[in-house]
Amino acid sequence: MKSFFASALLGLLALALVNLTSEYTGVCLAVNRLSLAASSALGVPGVTLLVVLNTIL
């Protein structure tokens with residue numbers, strides 16, 4: 001359970017970091033239920049997936 005919560009926290013922090021640096025990188029992710037669920041359930045790989053999908057689509 002500890003590792004799941006740690007992974008979820010790291011995913012949410014990664015999502016926040018992507019949005020905080022969006023001014024410099026040009027990558028902005030919408031914060032909605034889907035992005036919060038993906039980043040908390042999958043962690044940092046979930047945020048990476050969201051960034052890749054945002055870039056492709």
# chains A, B, ... in the order shown; residues from 1 in each chain; ligands from 1
>>> residues_around(residues="segment 40-44 of chain A", least_positions_apart="2", cutoff="6 Å", atoms="only C-alpha atoms", output="ChimeraX atom specification")
/A:7-8,11-12,36-38,46-47
>>> select_by_dssp(residues="chain A", states="helix (DSSP H, G or I)", output="PyMOL selection string")
chain A and resi 2-20+22-25+33-42+44-56
>>> write_last_selection(atoms="C-alpha atoms", output="CSV table (one decimal), in the first residue's frame")
chain,number,residue,atom,x,y,z
A,2,LYS,CA,2.8,2.4,0.8
A,3,SER,CA,4.3,2.1,-2.7
A,4,PHE,CA,0.9,2.7,-4.3
A,5,PHE,CA,0.4,5.9,-2.4
A,6,ALA,CA,3.9,7.0,-3.1
A,7,SER,CA,3.5,6.3,-6.8
A,8,ALA,CA,0.2,8.2,-6.8
A,9,LEU,CA,1.7,11.1,-5.1
A,10,LEU,CA,4.7,11.2,-7.5
A,11,GLY,CA,2.3,11.0,-10.4
A,12,LEU,CA,0.2,13.9,-9.1
A,13,LEU,CA,3.4,15.9,-8.4
A,14,ALA,CA,4.6,15.2,-12.0
A,15,LEU,CA,1.3,16.4,-13.4
A,16,ALA,CA,1.6,19.6,-11.4
A,17,LEU,CA,5.3,20.0,-12.5
A,18,VAL,CA,4.3,19.6,-16.2
A,19,ASN,CA,1.7,22.3,-15.7
A,20,LEU,CA,4.0,24.6,-13.8
A,22,SER,CA,4.1,24.8,-19.4
A,23,GLU,CA,5.1,28.4,-19.9
A,24,TYR,CA,8.7,27.3,-20.8
A,25,THR,CA,8.0,24.0,-22.5
A,33,ARG,CA,-10.9,13.6,-13.9
A,34,LEU,CA,-9.2,11.5,-16.6
A,35,SER,CA,-5.7,13.1,-16.2
A,36,LEU,CA,-6.0,12.9,-12.4
A,37,ALA,CA,-7.0,9.3,-12.5
A,38,ALA,CA,-4.2,8.4,-15.0
A,39,SER,CA,-1.5,10.2,-13.0
A,40,SER,CA,-2.6,8.8,-9.7
A,41,ALA,CA,-3.2,5.2,-10.9
A,42,LEU,CA,-0.2,4.9,-13.2
A,44,VAL,CA,4.9,9.1,-13.6
A,45,PRO,CA,4.4,6.7,-16.6
A,46,GLY,CA,0.8,7.8,-16.7
A,47,VAL,CA,1.9,11.5,-16.9
A,48,THR,CA,4.4,10.5,-19.6
A,49,LEU,CA,1.6,8.8,-21.5
A,50,LEU,CA,-0.6,11.9,-21.2
A,51,VAL,CA,2.2,14.1,-22.5
A,52,VAL,CA,2.9,11.7,-25.5
A,53,LEU,CA,-0.8,11.6,-26.3
A,54,ASN,CA,-1.1,15.3,-26.0
A,55,THR,CA,1.8,15.7,-28.4
A,56,ILE,CA,0.5,13.2,-31.0
